[in-house]
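Heads up: the structure comes next, in structure tokens.
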Amino acid sequence: MLICKKIKKRFLDGDSEINILNNIDLQVSSGESVAIIGASGSGKSTLLHVISGLEKASSGEIILNNAPLLSLSENDLCKLRLENIGFIYQFHHLIKELSVYENISLPLLIANKNNNNIIKITNEIIEQVGLKHRSNFQIDKLSGGERQRVAIARSIIHKPKIIFADEPTGNLDKKNAKNIFSLLTDLANFNNSSLIVATHDIDMSSMLDKSLRIKNGSLEEL
Ligand SMILES: Nc1ncnc2c1ncn2[C@@H]1O[C@H](COP(=O)(O)OP(=O)(O)O)[C@@H](O)[C@H]1O
Ligand SMILES: [Mg+2]
């Protein structure tokens, strides 16, 4: 379902090029969960951005849901991402002026879903992430853990085939981190979505099917 072959990503640093990703091969099947572990600066975010189509690879091949990501038009790429991908950022990127309900329903509004469906699905997912009592709260009135629940709900509301999470628990205390991580894996399982999580927390990675380490631009299985 996600196949990456010989992916390279180079950045220019002044006049010299640095290879952040160097011939990365990766395959993730439907419903499989994978942890990408690595030190800060090792390229975890870059890898997630490239394989989810947020950033272009310098070279290589990425097949997501049978579509060749690197040769799609900008329009087709947006459509593919909107329908098939959920992305959870480390700093959640929620719209703080909007309520919990409004933030979570946003992907369905953008996808032009029917209004009654939006209400029903949004309320269901708010219940699933345990935020019913916070539905009308503005984002800046929430705790860190609650905000990450909103980000998770928003990323999976369209039941994406694949969810990317970039250090989703990086800013939470241990107990909250474990709860949020369990919630994320439970919901991914529930929807049979694949899950790719960047983390530097080995405890968290052990909750997933497979762990890979990124080091010097390459991936190795743990
Ligand atoms: N747009 C960019 N231009 C130049 N260098 C970048 C850019 N984005 C990331 N890098 C560099 O790539 C390396 C990997 O960064 P990143 O993927 O954010 O690592 P991680 O998420 O593992 O901490 C870092 O050295 C970072 O400075
Ligand atoms: Mg990062």
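In the structure tokens, chains take letters A, B, ... by order of appearance, with residues numbered from 1 within each chain and ligands from 1 in the order shown.
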(request) Enumerate as an MDAnalysis selection string the residues within 8 Å of ligand 1, counting only C-alpha atoms and all ligand atoms. (result) chainID A and resid 11:13 18 20 38:47 166 198
Go ahead and save the picked residues with C-alpha atoms, as a PDB file, in the first residue's frame.
```pdb
ATOM      1  CA  PHE A  11      19.328  20.084   0.968  1.00  0.00           C
ATOM      2  CA  LEU A  12      21.655  22.858  -0.065  1.00  0.00           C
ATOM      3  CA  ASP A  13      23.815  24.149   2.748  1.00  0.00           C
ATOM      4  CA  ILE A  18      23.801  17.480   2.316  1.00  0.00           C
ATOM      5  CA  ILE A  20      19.458  13.779   4.570  1.00  0.00           C
ATOM      6  CA  GLY A  38      16.237   8.347  15.375  1.00  0.00           C
ATOM      7  CA  ALA A  39      18.169  11.077  17.138  1.00  0.00           C
ATOM      8  CA  SER A  40      17.153  14.689  16.743  1.00  0.00           C
ATOM      9  CA  GLY A  41      18.275  15.921  13.324  1.00  0.00           C
ATOM     10  CA  SER A  42      18.529  12.407  11.861  1.00  0.00           C
ATOM     11  CA  GLY A  43      15.832  13.101   9.260  1.00  0.00           C
ATOM     12  CA  LYS A  44      12.606  11.688  10.782  1.00  0.00           C
ATOM     13  CA  SER A  45      10.471  14.719   9.901  1.00  0.00           C
ATOM     14  CA  THR A  46      12.044  14.985   6.465  1.00  0.00           C
ATOM     15  CA  LEU A  47      11.235  11.325   5.793  1.00  0.00           C
ATOM     16  CA  ASP A 166       5.568  13.231  13.788  1.00  0.00           C
ATOM     17  CA  ALA A 198       8.353   9.231  14.151  1.00  0.00           C
TER      18      ALA A 198
END
```
(message) Could you go through region 136-214 of chain A and tell me which residues DSSP, when run on the backbone, assigns to strand (DSSP E or B), listing them as a ChimeraX atom specification?
(response) /A:138,162-166,194-199,210-214
(request) Excluding Ala177 (chain A) and residues on its chain fewer than 3 positions from it, collect all residues at most 12 Å away from it, counting only C-alpha atoms, and give them as a ChimeraX atom specification. (result) /A:144-146,148-149,167-174,180-184,199,201,203-204
(request) Grab the CA of His49 (chain A) to CA of Ala165 (chain A) distance for me, in Å with one decimal place. (result)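 Interatomic distance, CA of His49 (chain A) to CA of Ala165 (chain A): 10.2 Å.
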(request) With a distance cut-off of 9 Å and only C-alpha atoms, select the neighbouring residues of Leu94 (chain A), excluding the residue or stretch itself and same-chain residues fewer than 4 positions from it, and output the selection as number ranges by chain. (result) A: 98, 103, 139, 147, 150-151
(request) Take CA of Thr122 (chain A) and CA of Glu55 (chain A) and report the distance between them in Å, one decimal. (result)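 Going from CA of Thr122 (chain A) over to CA of Glu55 (chain A), I get 28.9 Å.
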(message) Going by DSSP on the backbone, which residues of region 162-203 of chain A come out as helix (DSSP H, G or I)? List them as a ChimeraX atom specification.
(response) /A:174-191,202-203
Can you tell me, as an mmCIF file with N, CA and C atoms, in the first residue's frame, what residues are no more than 10 Å from Glu220 (chain A) when counting only C-alpha atoms, ignoring any on the same chain fewer than 2 positions away?
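Below is the file that was written, part.cif:
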```
data_model
loop_
_atom_site.group_PDB
_atom_site.id
_atom_site.type_symbol
_atom_site.label_atom_id
_atom_site.label_comp_id
_atom_site.auth_asym_id
_atom_site.auth_seq_id
_atom_site.Cartn_x
_atom_site.Cartn_y
_atom_site.Cartn_z
ATOM 1 N N ILE A 24 16.583 5.453 0.598
ATOM 2 C CA ILE A 24 15.692 4.804 1.570
ATOM 3 C C ILE A 24 14.703 3.881 0.851
ATOM 4 N N ASP A 25 14.647 2.623 1.292
ATOM 5 C CA ASP A 25 13.623 1.682 0.821
ATOM 6 C C ASP A 25 12.698 1.403 1.993
ATOM 7 N N LEU A 26 11.399 1.438 1.753
ATOM 8 C CA LEU A 26 10.447 1.213 2.844
ATOM 9 C C LEU A 26 9.138 0.691 2.268
ATOM 10 N N ILE A 36 9.432 5.019 13.321
ATOM 11 C CA ILE A 36 10.711 5.499 12.788
ATOM 12 C C ILE A 36 11.437 6.170 13.947
ATOM 13 N N ILE A 37 12.526 5.542 14.372
ATOM 14 C CA ILE A 37 13.265 6.044 15.526
ATOM 15 C C ILE A 37 14.552 6.701 15.057
ATOM 16 N N SER A 211 9.757 -1.622 14.098
ATOM 17 C CA SER A 211 10.548 -0.415 14.382
ATOM 18 C C SER A 211 11.742 -0.321 13.444
ATOM 19 N N LEU A 212 11.966 0.865 12.913
ATOM 20 C CA LEU A 212 13.099 1.105 12.027
ATOM 21 C C LEU A 212 13.879 2.279 12.577
ATOM 22 N N ARG A 213 15.217 2.214 12.451
ATOM 23 C CA ARG A 213 16.030 3.333 12.913
ATOM 24 C C ARG A 213 16.607 4.084 11.723
ATOM 25 N N ILE A 214 16.500 5.406 11.767
ATOM 26 C CA ILE A 214 17.119 6.214 10.719
ATOM 27 C C ILE A 214 18.429 6.778 11.249
ATOM 28 N N LYS A 215 19.481 6.539 10.471
ATOM 29 C CA LYS A 215 20.826 6.959 10.890
ATOM 30 C C LYS A 215 21.662 7.188 9.644
ATOM 31 N N SER A 218 20.058 6.424 6.292
ATOM 32 C CA SER A 218 19.556 5.101 5.934
ATOM 33 C C SER A 218 18.644 4.541 7.021
ATOM 34 N N LEU A 222 15.050 -2.796 13.483
ATOM 35 C CA LEU A 222 15.531 -3.075 14.852
ATOM 36 C C LEU A 222 15.059 -4.439 15.321
#
```
(message) List as a list in words the protein and nucleic acid residues near Ile62 (chain A), meaning an atom at most 10 Å away when only C-alpha atoms are counted, but skip any in the same chain fewer than 6 places from it.
(response)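 The contact residues come out as Leu2, Ile3, Cys4, Lys5, Lys6, Ile7, Asp25, Leu26, Gln27, Val50, Ile51, Ser52, Gly53, Pro68, Leu69, Leu70 and Ser71 of chain A.
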What does the file look like for those residues with N, CA and C atoms, as a PDB file, in the first residue's frame?
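Result file follows (result_22.pdb):
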```
ATOM      1  N   LEU A   2       1.986   1.267   0.765  1.00  0.00           N
ATOM      2  CA  LEU A   2       2.991   2.337   0.596  1.00  0.00           C
ATOM      3  C   LEU A   2       4.324   1.670   0.255  1.00  0.00           C
ATOM      4  N   ILE A   3       4.841   2.006  -0.911  1.00  0.00           N
ATOM      5  CA  ILE A   3       6.129   1.449  -1.324  1.00  0.00           C
ATOM      6  C   ILE A   3       7.069   2.595  -1.680  1.00  0.00           C
ATOM      7  N   CYS A   4       8.216   2.638  -1.009  1.00  0.00           N
ATOM      8  CA  CYS A   4       9.212   3.679  -1.295  1.00  0.00           C
ATOM      9  C   CYS A   4      10.486   2.996  -1.764  1.00  0.00           C
ATOM     10  N   LYS A   5      11.005   3.488  -2.889  1.00  0.00           N
ATOM     11  CA  LYS A   5      12.228   2.890  -3.437  1.00  0.00           C
ATOM     12  C   LYS A   5      13.292   3.945  -3.648  1.00  0.00           C
ATOM     13  N   LYS A   6      14.447   3.681  -3.064  1.00  0.00           N
ATOM     14  CA  LYS A   6      15.647   4.516  -3.301  1.00  0.00           C
ATOM     15  C   LYS A   6      15.364   6.017  -3.192  1.00  0.00           C
ATOM     16  N   ILE A   7      14.728   6.380  -2.084  1.00  0.00           N
ATOM     17  CA  ILE A   7      14.405   7.802  -1.922  1.00  0.00           C
ATOM     18  C   ILE A   7      15.624   8.579  -1.448  1.00  0.00           C
ATOM     19  N   ASP A  25      14.647   2.623   1.292  1.00  0.00           N
ATOM     20  CA  ASP A  25      13.623   1.682   0.821  1.00  0.00           C
ATOM     21  C   ASP A  25      12.698   1.403   1.993  1.00  0.00           C
ATOM     22  N   LEU A  26      11.399   1.438   1.753  1.00  0.00           N
ATOM     23  CA  LEU A  26      10.447   1.213   2.844  1.00  0.00           C
ATOM     24  C   LEU A  26       9.138   0.691   2.268  1.00  0.00           C
ATOM     25  N   GLN A  27       8.572  -0.292   2.937  1.00  0.00           N
ATOM     26  CA  GLN A  27       7.286  -0.819   2.494  1.00  0.00           C
ATOM     27  C   GLN A  27       6.372  -0.944   3.721  1.00  0.00           C
ATOM     28  N   VAL A  50       8.379  13.723   3.128  1.00  0.00           N
ATOM     29  CA  VAL A  50       8.611  13.278   1.752  1.00  0.00           C
ATOM     30  C   VAL A  50       7.656  12.136   1.384  1.00  0.00           C
ATOM     31  N   ILE A  51       7.501  11.146   2.285  1.00  0.00           N
ATOM     32  CA  ILE A  51       6.681   9.996   1.882  1.00  0.00           C
ATOM     33  C   ILE A  51       5.182  10.285   1.987  1.00  0.00           C
ATOM     34  N   SER A  52       4.814  11.395   2.622  1.00  0.00           N
ATOM     35  CA  SER A  52       3.390  11.751   2.666  1.00  0.00           C
ATOM     36  C   SER A  52       3.057  12.795   1.590  1.00  0.00           C
ATOM     37  N   GLY A  53       4.058  13.175   0.791  1.00  0.00           N
ATOM     38  CA  GLY A  53       3.790  14.107  -0.303  1.00  0.00           C
ATOM     39  C   GLY A  53       3.774  15.573   0.103  1.00  0.00           C
ATOM     40  N   PRO A  68       1.616   6.912  -8.246  1.00  0.00           N
ATOM     41  CA  PRO A  68       3.018   7.336  -8.184  1.00  0.00           C
ATOM     42  C   PRO A  68       3.102   8.782  -7.711  1.00  0.00           C
ATOM     43  N   LEU A  69       3.404   8.955  -6.434  1.00  0.00           N
ATOM     44  CA  LEU A  69       3.334  10.258  -5.770  1.00  0.00           C
ATOM     45  C   LEU A  69       4.142  11.349  -6.473  1.00  0.00           C
ATOM     46  N   LEU A  70       5.343  10.968  -6.953  1.00  0.00           N
ATOM     47  CA  LEU A  70       6.256  11.991  -7.476  1.00  0.00           C
ATOM     48  C   LEU A  70       5.893  12.453  -8.883  1.00  0.00           C
ATOM     49  N   SER A  71       5.004  11.708  -9.568  1.00  0.00           N
ATOM     50  CA  SER A  71       4.648  12.190 -10.905  1.00  0.00           C
ATOM     51  C   SER A  71       3.216  12.725 -10.973  1.00  0.00           C
TER      52      SER A  71
END
```
